[in-house]
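Down below is the structure, laid out as structure tokens.
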Amino acid sequence: AIVTAGQIFIQLPSHPSYFALSRLESCMQNVYGPDPADMSTSPPIPRPSLQPGLVAVVPSLEPTYEDGSYSWYRCQVVNFDNLNDTCDVKLLDYGGYYTYPSSQLRQIRQDFTALPFQAIEVLLSNIVPTDAELGWSMESIMALNDILRNKSLSGHLVGFSADMMPVFNLYAADYADLAEISAAPPPMLVNRKLVDDGFAAWAEQVDTVQPHIFPTNDITIPASVANASPAAVTKV
């Protein structure tokens with residue numbers, strides 16, 4: 001999921017826990033049911049409990065199965081709007097921020113939290129909006145989406161921001177399989193590409209804490225789950 005041209009969510013398909021996500025979501029679909037309007041088996045979370053940081057479960061915004069059934073995703077409450085009775089949530093396995101009616105949030109079973117959350121929110125290093133006052137434009141987001149579409153992605157962790165968010169160099173390559181790597185050109189630094197195309201400005205990173213982990217060589221960017229099933233996660 002792309003938040004801005006400088007802030008995205010990634011997944012790590014090579015992590016041992018990655019392939020257990022589909023099984024977890026099948027279990028959640030069985031527990032919470034195919035219809036979010038049916039509260040007989042999983043009543044909504046009491047409003048006083050809807051505080052920022054709460055981990056819960058929400059349905060997909062639209063049906064994700066041919067029979068009209070909905071999927072369920074793990075989420076974290078970011079904000080509760082008491083006036084409109086809505087919650088802003090972050091999807092913990094696919095990324096992205098969405099607003100839901102409070103009645104659609106469900107309490108998460110403890111065993112459904114055992115699998116590590118699969119989406120990692122990261123910043124792209126050394127880039128800032130071309131206009132500091134206006135921030136990231138919609139055009140820059142669309143440009144990033146175009147750059148990453150159908151690419152093999154990798155990344156290198158260069159540090160952490162002041163609020164401890166990972167800061168990445170993100171690389172994109174055109175090769176489709178391992179057999180082509182030796183003949184393929186070097187991967188493109190996505191951060192620099194955004195600058196070269198005029199959608200970002202280069203800035204020296206001065207607020208990063210140096211990392212103590214290794215580079216990441218296998219990355220996917222989760223597809224948006226706003227209007228489609230995230231079961232079909234692909235490189236954008």
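Lettering and numbering for the structure tokens are positional, with chains as A, B, ... in the shown order, residues counted from 1 in each chain, and ligands counted from 1 in the shown order.
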(message) Which residues are near Ala200 in chain A? Cut-off 8 Å, only C-alpha atoms, ignore same chain within fewer than 6 positions. Put them as a count of residues only.
(response) 6
(request) Based on DSSP run over this structure's backbone, return all residues of range 26-219 of chain A in helix (DSSP H, G or I), as JSON, numbers by chain. (result) {"A": [26, 27, 28, 29, 30, 31, 32, 47, 48, 49, 102, 103, 104, 110, 111, 112, 113, 138, 139, 140, 141, 142, 143, 144, 145, 146, 147, 148, 178, 179, 180, 181, 182, 183, 190, 191, 192, 193, 194, 195, 196]}
With N, CA and C atoms kept, could you save the residues just selected as a compact mmCIF listing (two decimals), in the first residue's frame?
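Full text of result10.txt as output:
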# COMPACT_ATOMS: atom_id res chain seq x y z
N SER A 26 -8.46 -17.40 6.58
CA SER A 26 -9.53 -18.39 6.43
C SER A 26 -10.18 -18.68 7.78
N CYS A 27 -9.36 -18.79 8.81
CA CYS A 27 -9.88 -19.03 10.15
C CYS A 27 -10.72 -17.85 10.63
N MET A 28 -10.26 -16.63 10.36
CA MET A 28 -11.01 -15.46 10.78
C MET A 28 -12.34 -15.37 10.03
N GLN A 29 -12.33 -15.75 8.75
CA GLN A 29 -13.57 -15.70 7.99
C GLN A 29 -14.59 -16.68 8.55
N ASN A 30 -14.12 -17.83 9.02
CA ASN A 30 -15.01 -18.83 9.62
C ASN A 30 -15.56 -18.34 10.96
N VAL A 31 -14.74 -17.63 11.72
CA VAL A 31 -15.16 -17.17 13.05
C VAL A 31 -16.09 -15.97 12.96
N TYR A 32 -15.74 -14.99 12.14
CA TYR A 32 -16.51 -13.74 12.11
C TYR A 32 -17.65 -13.76 11.10
N ARG A 47 -17.86 0.94 22.70
CA ARG A 47 -17.25 2.21 22.31
C ARG A 47 -16.14 2.67 23.26
N PRO A 48 -16.28 2.53 24.59
CA PRO A 48 -15.18 2.99 25.46
C PRO A 48 -13.85 2.28 25.21
N SER A 49 -13.90 1.09 24.59
CA SER A 49 -12.67 0.34 24.33
C SER A 49 -11.98 0.76 23.04
N SER A 102 -17.81 2.39 13.46
CA SER A 102 -17.34 1.71 14.67
C SER A 102 -18.01 0.36 14.85
N SER A 103 -19.24 0.24 14.37
CA SER A 103 -19.99 -1.01 14.54
C SER A 103 -19.37 -2.18 13.79
N GLN A 104 -18.47 -1.90 12.83
CA GLN A 104 -17.88 -2.98 12.04
C GLN A 104 -16.60 -3.54 12.65
N GLN A 110 -7.34 -13.91 20.90
CA GLN A 110 -5.93 -13.86 21.27
C GLN A 110 -5.07 -14.72 20.35
N ASP A 111 -5.56 -15.88 19.94
CA ASP A 111 -4.76 -16.74 19.08
C ASP A 111 -4.58 -16.15 17.68
N PHE A 112 -5.43 -15.21 17.29
CA PHE A 112 -5.29 -14.56 15.99
C PHE A 112 -4.19 -13.49 15.99
N THR A 113 -3.61 -13.23 17.14
CA THR A 113 -2.51 -12.26 17.21
C THR A 113 -1.15 -12.94 17.25
N MET A 138 -0.75 14.09 -5.43
CA MET A 138 -1.36 12.87 -5.96
C MET A 138 -0.57 12.38 -7.18
N GLU A 139 -0.03 13.31 -7.96
CA GLU A 139 0.77 12.93 -9.13
C GLU A 139 2.01 12.14 -8.72
N SER A 140 2.62 12.51 -7.58
CA SER A 140 3.80 11.79 -7.13
C SER A 140 3.45 10.38 -6.68
N ILE A 141 2.27 10.22 -6.08
CA ILE A 141 1.82 8.89 -5.68
C ILE A 141 1.57 8.02 -6.90
N MET A 142 0.93 8.60 -7.91
CA MET A 142 0.67 7.85 -9.14
C MET A 142 1.97 7.50 -9.85
N ALA A 143 2.95 8.41 -9.79
CA ALA A 143 4.24 8.14 -10.41
C ALA A 143 4.94 6.98 -9.72
N LEU A 144 4.90 6.95 -8.40
CA LEU A 144 5.51 5.84 -7.67
C LEU A 144 4.82 4.53 -8.01
N ASN A 145 3.52 4.55 -8.09
CA ASN A 145 2.78 3.35 -8.46
C ASN A 145 3.20 2.85 -9.84
N ASP A 146 3.37 3.76 -10.78
CA ASP A 146 3.80 3.38 -12.14
C ASP A 146 5.22 2.81 -12.14
N ILE A 147 6.11 3.41 -11.34
CA ILE A 147 7.49 2.95 -11.28
C ILE A 147 7.57 1.51 -10.76
N LEU A 148 6.71 1.19 -9.79
CA LEU A 148 6.79 -0.12 -9.13
C LEU A 148 5.99 -1.21 -9.83
N LEU A 178 14.78 -15.64 -11.67
CA LEU A 178 16.18 -15.66 -11.25
C LEU A 178 17.14 -15.92 -12.40
N ALA A 179 16.69 -16.62 -13.42
CA ALA A 179 17.56 -16.98 -14.53
C ALA A 179 18.03 -15.74 -15.30
N GLU A 180 17.30 -14.65 -15.19
CA GLU A 180 17.63 -13.46 -15.96
C GLU A 180 18.50 -12.47 -15.20
N ILE A 181 18.74 -12.70 -13.92
CA ILE A 181 19.42 -11.71 -13.11
C ILE A 181 20.80 -11.37 -13.64
N SER A 182 21.58 -12.38 -14.05
CA SER A 182 22.95 -12.14 -14.48
C SER A 182 23.02 -11.24 -15.70
N ALA A 183 22.00 -11.29 -16.56
CA ALA A 183 22.01 -10.49 -17.77
C ALA A 183 21.25 -9.18 -17.63
N VAL A 190 14.64 3.52 -6.63
CA VAL A 190 13.35 4.18 -6.79
C VAL A 190 13.39 5.59 -6.21
N ASN A 191 14.07 5.76 -5.08
CA ASN A 191 14.17 7.09 -4.45
C ASN A 191 14.71 8.10 -5.45
N ARG A 192 15.81 7.75 -6.13
CA ARG A 192 16.44 8.65 -7.09
C ARG A 192 15.57 8.84 -8.32
N LYS A 193 14.87 7.81 -8.76
CA LYS A 193 14.00 7.91 -9.93
C LYS A 193 12.91 8.96 -9.70
N LEU A 194 12.34 8.99 -8.51
CA LEU A 194 11.31 9.99 -8.21
C LEU A 194 11.88 11.40 -8.32
N VAL A 195 13.13 11.57 -7.88
CA VAL A 195 13.77 12.88 -7.97
C VAL A 195 14.06 13.23 -9.42
N ASP A 196 14.62 12.29 -10.16
CA ASP A 196 14.97 12.55 -11.56
C ASP A 196 13.74 12.90 -12.39
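Checking A:Ser137, A:Thr86, A:Ser125, A:Thr64 one by one against Leu170 in chain A, counting only C-alpha atoms, you find the shortest gap at A:Ser125.
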(request) Step one, run DSSP on the backbone; step two, keep only residues of range 84-127 of chain A assigned to strand (DSSP E or B); then write them as a PyMOL selection string. (result) chain A and resi 86-91+97-101+106-107+120-124+127
Would you save the residues of that selection, restricted to N, CA, C and O atoms, as a PDB file, in the first residue's frame?
ATOM      1  N   THR A  86     -17.085   6.725  14.005  1.00  0.00           N
ATOM      2  CA  THR A  86     -16.230   6.021  13.052  1.00  0.00           C
ATOM      3  C   THR A  86     -14.840   5.839  13.646  1.00  0.00           C
ATOM      4  O   THR A  86     -14.451   6.540  14.589  1.00  0.00           O
ATOM      5  N   CYS A  87     -14.096   4.912  13.075  1.00  0.00           N
ATOM      6  CA  CYS A  87     -12.724   4.657  13.494  1.00  0.00           C
ATOM      7  C   CYS A  87     -11.797   4.718  12.281  1.00  0.00           C
ATOM      8  O   CYS A  87     -12.100   4.135  11.230  1.00  0.00           O
ATOM      9  N   ASP A  88     -10.680   5.412  12.437  1.00  0.00           N
ATOM     10  CA  ASP A  88      -9.594   5.327  11.459  1.00  0.00           C
ATOM     11  C   ASP A  88      -8.703   4.170  11.890  1.00  0.00           C
ATOM     12  O   ASP A  88      -8.282   4.107  13.058  1.00  0.00           O
ATOM     13  N   VAL A  89      -8.431   3.259  10.977  1.00  0.00           N
ATOM     14  CA  VAL A  89      -7.647   2.077  11.315  1.00  0.00           C
ATOM     15  C   VAL A  89      -6.504   1.894  10.329  1.00  0.00           C
ATOM     16  O   VAL A  89      -6.569   2.353   9.186  1.00  0.00           O
ATOM     17  N   LYS A  90      -5.464   1.220  10.785  1.00  0.00           N
ATOM     18  CA  LYS A  90      -4.347   0.790   9.938  1.00  0.00           C
ATOM     19  C   LYS A  90      -4.425  -0.713   9.786  1.00  0.00           C
ATOM     20  O   LYS A  90      -4.511  -1.432  10.790  1.00  0.00           O
ATOM     21  N   LEU A  91      -4.399  -1.198   8.546  1.00  0.00           N
ATOM     22  CA  LEU A  91      -4.413  -2.645   8.317  1.00  0.00           C
ATOM     23  C   LEU A  91      -3.025  -3.205   8.578  1.00  0.00           C
ATOM     24  O   LEU A  91      -2.046  -2.776   7.960  1.00  0.00           O
ATOM     25  N   TYR A  97      -4.472   3.051   5.357  1.00  0.00           N
ATOM     26  CA  TYR A  97      -5.321   3.631   6.395  1.00  0.00           C
ATOM     27  C   TYR A  97      -6.734   3.777   5.846  1.00  0.00           C
ATOM     28  O   TYR A  97      -6.935   4.291   4.748  1.00  0.00           O
ATOM     29  N   TYR A  98      -7.722   3.342   6.634  1.00  0.00           N
ATOM     30  CA  TYR A  98      -9.112   3.355   6.191  1.00  0.00           C
ATOM     31  C   TYR A  98     -10.005   3.814   7.338  1.00  0.00           C
ATOM     32  O   TYR A  98      -9.646   3.707   8.513  1.00  0.00           O
ATOM     33  N   THR A  99     -11.188   4.315   6.977  1.00  0.00           N
ATOM     34  CA  THR A  99     -12.181   4.735   7.971  1.00  0.00           C
ATOM     35  C   THR A  99     -13.362   3.776   7.923  1.00  0.00           C
ATOM     36  O   THR A  99     -13.913   3.514   6.843  1.00  0.00           O
ATOM     37  N   TYR A 100     -13.723   3.250   9.082  1.00  0.00           N
ATOM     38  CA  TYR A 100     -14.820   2.290   9.202  1.00  0.00           C
ATOM     39  C   TYR A 100     -15.862   2.789  10.196  1.00  0.00           C
ATOM     40  O   TYR A 100     -15.500   3.457  11.178  1.00  0.00           O
ATOM     41  N   PRO A 101     -17.130   2.438   9.992  1.00  0.00           N
ATOM     42  CA  PRO A 101     -18.113   2.632  11.066  1.00  0.00           C
ATOM     43  C   PRO A 101     -17.674   1.825  12.293  1.00  0.00           C
ATOM     44  O   PRO A 101     -17.213   0.685  12.150  1.00  0.00           O
ATOM     45  N   ARG A 106     -14.488  -5.644  15.281  1.00  0.00           N
ATOM     46  CA  ARG A 106     -14.744  -6.789  16.146  1.00  0.00           C
ATOM     47  C   ARG A 106     -13.517  -7.065  17.029  1.00  0.00           C
ATOM     48  O   ARG A 106     -12.372  -6.820  16.629  1.00  0.00           O
ATOM     49  N   GLN A 107     -13.791  -7.606  18.193  1.00  0.00           N
ATOM     50  CA  GLN A 107     -12.695  -7.982  19.093  1.00  0.00           C
ATOM     51  C   GLN A 107     -11.905  -9.125  18.473  1.00  0.00           C
ATOM     52  O   GLN A 107     -12.474 -10.075  17.932  1.00  0.00           O
ATOM     53  N   ILE A 120       4.891  -3.760   6.949  1.00  0.00           N
ATOM     54  CA  ILE A 120       5.882  -2.905   7.608  1.00  0.00           C
ATOM     55  C   ILE A 120       5.824  -1.532   6.954  1.00  0.00           C
ATOM     56  O   ILE A 120       6.011  -1.398   5.742  1.00  0.00           O
ATOM     57  N   GLU A 121       5.554  -0.512   7.761  1.00  0.00           N
ATOM     58  CA  GLU A 121       5.484   0.849   7.241  1.00  0.00           C
ATOM     59  C   GLU A 121       6.888   1.439   7.209  1.00  0.00           C
ATOM     60  O   GLU A 121       7.585   1.443   8.223  1.00  0.00           O
ATOM     61  N   VAL A 122       7.304   1.944   6.048  1.00  0.00           N
ATOM     62  CA  VAL A 122       8.664   2.452   5.901  1.00  0.00           C
ATOM     63  C   VAL A 122       8.645   3.800   5.184  1.00  0.00           C
ATOM     64  O   VAL A 122       7.700   4.148   4.468  1.00  0.00           O
ATOM     65  N   LEU A 123       9.723   4.548   5.370  1.00  0.00           N
ATOM     66  CA  LEU A 123       9.960   5.798   4.658  1.00  0.00           C
ATOM     67  C   LEU A 123      11.030   5.566   3.606  1.00  0.00           C
ATOM     68  O   LEU A 123      11.964   4.788   3.825  1.00  0.00           O
ATOM     69  N   LEU A 124      10.924   6.235   2.465  1.00  0.00           N
ATOM     70  CA  LEU A 124      11.976   6.188   1.463  1.00  0.00           C
ATOM     71  C   LEU A 124      13.019   7.245   1.813  1.00  0.00           C
ATOM     72  O   LEU A 124      12.674   8.406   2.075  1.00  0.00           O
ATOM     73  N   ILE A 127      14.428  11.594   0.298  1.00  0.00           N
ATOM     74  CA  ILE A 127      13.511  12.338  -0.568  1.00  0.00           C
ATOM     75  C   ILE A 127      12.485  13.088   0.274  1.00  0.00           C
ATOM     76  O   ILE A 127      12.057  12.621   1.330  1.00  0.00           O
TER      77      ILE A 127
END
(message) Could you check the closest approach to Leu21 in chain A for each of A:Pro116, A:Pro186, A:Gly159, A:Pro43 and tell me which residue wins, using only C-alpha atoms?
(response) A:Pro116
